[in-house]
Each structure stands twice: as C-alpha cells, then as structure tokens.
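What follows is a short report on a single structure.
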Amino acid sequence: MINSIKGLLLTLVSTMNGLRSPVTRQYPEKGTLWKREEAPTPVQDRFMGFPALTWDGEVDEPFCTSCMVCIRHCPTQCMTSTMKDNPLQQEGKSTRRKIVDSFEINLNRCILCGICVEVCNFDAIVMSHEHEMSTFQRNGDRVNLPVLLEIGTKFQRETGWIPPTKRAKPEPEAAPAVAGDGDTEGSESSS
Ligand code: SF4
Ligand code: SF4
C-alpha cells in the first residue's frame, strides 16, 4: 500500500513540469519550444566511436605503417590497407621505412570492439568520438585514408591525445608485506 502511494507520488511529481529536471534530452536539439539549437549529445572521454587514424605532428606524416596487424585481428574484416616506401625516411626525416599508402574501413561493418586499437604497436589508430555518420547508401560509410586521418586528427586536437607509448607509466605499487616475513609487529612504518 505504502509503495503504491510512493509510486503514485513519484509519477505525479515527474508529470508536473518544473518540479523535477528531465533525465532525457531531445536529440539532436535542445532549448525551448520557441528557441531550438543544434546540440549533439556530449560524450564522455572514454566513449568509443568509430576507429580513425592518427597523425604524427612531429614528423608530419601518419603513424600508420600499414603493417596489417589490426587488419588481421579485425573480427569483421572491415579494414583494408596498402603500404609504400616512405619518402621522408629516404630524406632522413622519419624512422618509418614503410608508410601507409591507402587505408579503408567499412564503418557499416565495424562493431566498435576496439581490437584494432589494442593490437596496434604504432599508436596509429584510435577509437574516436565520431558516431553520427548515418547515410542512406549501403556503402556510404566506407571511409578512406584522408577521411580517417581527418577524424583522427580532430580527435587528437579535441582530447589532447598523447600517444600511448609516450604516456608516463604509473609507479609500481609497493609489494604487500608477507606475514611472518621480518618484524611481525604489524604493517606500521617504523619512521
Ligand atoms: S593502424 Fe597500426 S596495426 Fe593497423 S596497419 Fe596501421 S600501424 Fe599496423
Ligand atoms: S573496432 Fe573492431 S570491428 Fe571496428 S575496425 Fe576495429 S577491430 Fe574491426
């Protein structure tokens, strides 16, 4: 009985405008009935949108060497790539002997699993925040190298992305004291 009244009250409060702020939002617009503005739903930093390729600003070339590791691991086989000799390496400006020449991902088949990012050893691919890419064509979301780099550099710019291999490693935690090892008077520091 009390629970029924509680439920009824909650429904009444939720129904009356102004007493409770909404937990849902109108997508992709916000504002009042009279003044609407485009406002895509913001995503969290950890959000995993479509995969994209990153740009090495220090050398001015993609990170991707087209090594094919991500392509071999992709469970939906939605990626293809080709490589070429790197002209910047021949000029002594880059350490990458090979560089990506073409890259394509069929985003319609991508399941956003993130495996390609996990297996890449070259910081070359990220799960971007891009998610609004619906098209009316069956193959409308086959994206090529320039588009993948454009999405990737946008993600790098907006998130202040640092290549995972250059991020500071966390300090290793101190090993827990083993019972019976040395002074058994407890774990308090002697200092
Ligand atoms: S994104 Fe990474 S794993 Fe995939 S081809 Fe490029 S360098 Fe290799
Ligand atoms: S996120 Fe998963 S399905 Fe999508 S391209 Fe990467 S490995 Fe393939």
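How things are named: the first chain in the structure tokens is A, the next is B, and so on; residues count from 1 in each chain; ligands count from 1 in the order shown.
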| task | May I ask you to write as a ChimeraX atom specification all residues lying at most 8 Å from ligand 2, with only C-alpha atoms and all ligand atoms counted? | result | /A:50-51,70-71,73-79,105-107,109-117,127
Let me see the file: selected residues, N, CA and C atoms, as a CSV table (one decimal), in the first residue's frame.
chain,number,residue,atom,x,y,z
A,50,PHE,N,33.8,5.6,-33.8
A,50,PHE,CA,34.4,4.9,-34.9
A,50,PHE,C,35.9,5.0,-34.9
A,51,PRO,N,36.6,3.9,-35.3
A,51,PRO,CA,38.1,4.0,-35.4
A,51,PRO,C,38.6,5.0,-36.4
A,70,CYS,N,46.4,-4.9,-37.3
A,70,CYS,CA,45.0,-4.6,-37.0
A,70,CYS,C,44.0,-5.3,-38.0
A,71,ILE,N,44.4,-5.3,-39.2
A,71,ILE,CA,43.5,-5.8,-40.3
A,71,ILE,C,43.4,-7.3,-40.1
A,73,HIS,N,43.5,-8.9,-37.2
A,73,HIS,CA,42.8,-9.1,-36.0
A,73,HIS,C,41.3,-8.7,-36.0
A,74,CYS,N,41.0,-7.9,-37.0
A,74,CYS,CA,39.6,-7.3,-37.0
A,74,CYS,C,38.6,-8.4,-37.2
A,75,PRO,N,37.7,-8.6,-36.2
A,75,PRO,CA,36.7,-9.7,-36.3
A,75,PRO,C,35.7,-9.7,-37.4
A,76,THR,N,35.5,-8.5,-37.9
A,76,THR,CA,34.5,-8.3,-39.0
A,76,THR,C,35.2,-8.1,-40.4
A,77,GLN,N,36.5,-8.1,-40.4
A,77,GLN,CA,37.3,-7.9,-41.6
A,77,GLN,C,36.8,-6.8,-42.4
A,78,CYS,N,36.6,-5.6,-41.8
A,78,CYS,CA,36.1,-4.5,-42.5
A,78,CYS,C,37.2,-3.5,-42.9
A,79,MET,N,38.5,-3.9,-42.7
A,79,MET,CA,39.6,-2.9,-43.0
A,79,MET,C,40.4,-3.5,-44.1
A,105,ILE,N,38.2,1.7,-44.2
A,105,ILE,CA,37.4,0.9,-43.2
A,105,ILE,C,35.9,1.1,-43.6
A,106,ASN,N,35.2,-0.1,-43.7
A,106,ASN,CA,33.8,0.0,-43.9
A,106,ASN,C,33.1,0.1,-42.6
A,107,LEU,N,32.8,1.3,-42.2
A,107,LEU,CA,32.3,1.6,-40.8
A,107,LEU,C,30.9,0.9,-40.6
A,109,ARG,N,30.3,-2.1,-41.2
A,109,ARG,CA,30.5,-3.4,-40.7
A,109,ARG,C,31.3,-3.4,-39.4
A,110,CYS,N,31.8,-2.2,-39.0
A,110,CYS,CA,32.6,-2.1,-37.7
A,110,CYS,C,31.7,-2.3,-36.5
A,111,ILE,N,32.1,-3.1,-35.6
A,111,ILE,CA,31.3,-3.3,-34.4
A,111,ILE,C,31.9,-2.6,-33.2
A,112,LEU,N,32.8,-1.7,-33.4
A,112,LEU,CA,33.4,-0.8,-32.4
A,112,LEU,C,34.0,-1.6,-31.2
A,113,CYS,N,34.6,-2.7,-31.5
A,113,CYS,CA,35.1,-3.5,-30.5
A,113,CYS,C,36.5,-3.0,-29.9
A,114,GLY,N,37.2,-2.2,-30.7
A,114,GLY,CA,38.5,-1.6,-30.2
A,114,GLY,C,39.7,-2.6,-30.3
A,115,ILE,N,39.5,-3.7,-30.9
A,115,ILE,CA,40.6,-4.7,-31.0
A,115,ILE,C,41.7,-4.1,-31.9
A,116,CYS,N,41.4,-3.4,-32.9
A,116,CYS,CA,42.4,-2.8,-33.8
A,116,CYS,C,43.3,-1.8,-33.0
A,117,VAL,N,42.7,-1.1,-32.1
A,117,VAL,CA,43.5,-0.1,-31.3
A,117,VAL,C,44.4,-0.9,-30.3
A,127,MET,N,40.0,4.9,-31.1
A,127,MET,CA,38.6,4.9,-31.2
A,127,MET,C,38.1,6.3,-30.9
| request: Find the residues near ligand 1. Use a cut-off of 6 Å, count only C-alpha atoms and all ligand atoms, and write them as a list in words. | output: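 Those within range of ligand 1 are Cys64, Thr65, Ser66, Cys67, Met68, Val69, Cys70, Cys120, Phe122, Ala124 and Ile125 of chain A.
Among the candidates A:Arg167, A:Arg25, A:Arg46, A:Arg72, the one nearest to Asp123 in chain A when counting only C-alpha atoms is A:Arg167.
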For Asn86 in chain A, list every protein, DNA or RNA residue within 10 Å, evaluated using only C-alpha atoms, and leave out those in the same chain fewer than 5 positions away; present the list as a CSV table (one decimal) with C-alpha atoms, in the first residue's frame.
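Ended up saving to selection16.csv:
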chain,number,residue,atom,x,y,z
A,61,GLU,CA,53.0,12.0,-41.5
A,65,THR,CA,53.0,1.9,-41.4
A,91,GLU,CA,65.2,12.1,-46.8
A,93,LYS,CA,63.3,12.9,-41.7
A,94,SER,CA,61.4,9.8,-40.5
A,95,THR,CA,62.4,6.5,-38.9
A,96,ARG,CA,59.4,4.7,-40.6
A,97,ARG,CA,60.8,2.8,-43.6
A,98,LYS,CA,57.2,2.0,-44.8
A,99,ILE,CA,54.2,4.2,-44.5
A,100,VAL,CA,50.5,3.8,-45.2
A,101,ASP,CA,49.5,4.4,-48.8
| said: Just the number, please: distance in Å from CA of Thr82 in chain A to CA of Asn144 in chain A, one decimal. | reply: 11.6 Å
| request: Using DSSP on the backbone coordinates, identify all residues within range 128-160 of chain A classified as helix (DSSP H, G or I); present the result as a list in words. | output: Leu145, Pro146, Val147, Leu148, Leu149, Glu150, Ile151, Gly152, Thr153, Lys154, Phe155, Gln156, Arg157, Glu158 and Thr159 of chain A
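For the pair CA of Asp85 in chain A and CA of Gln156 in chain A, the interatomic distance is 25.7 Å.
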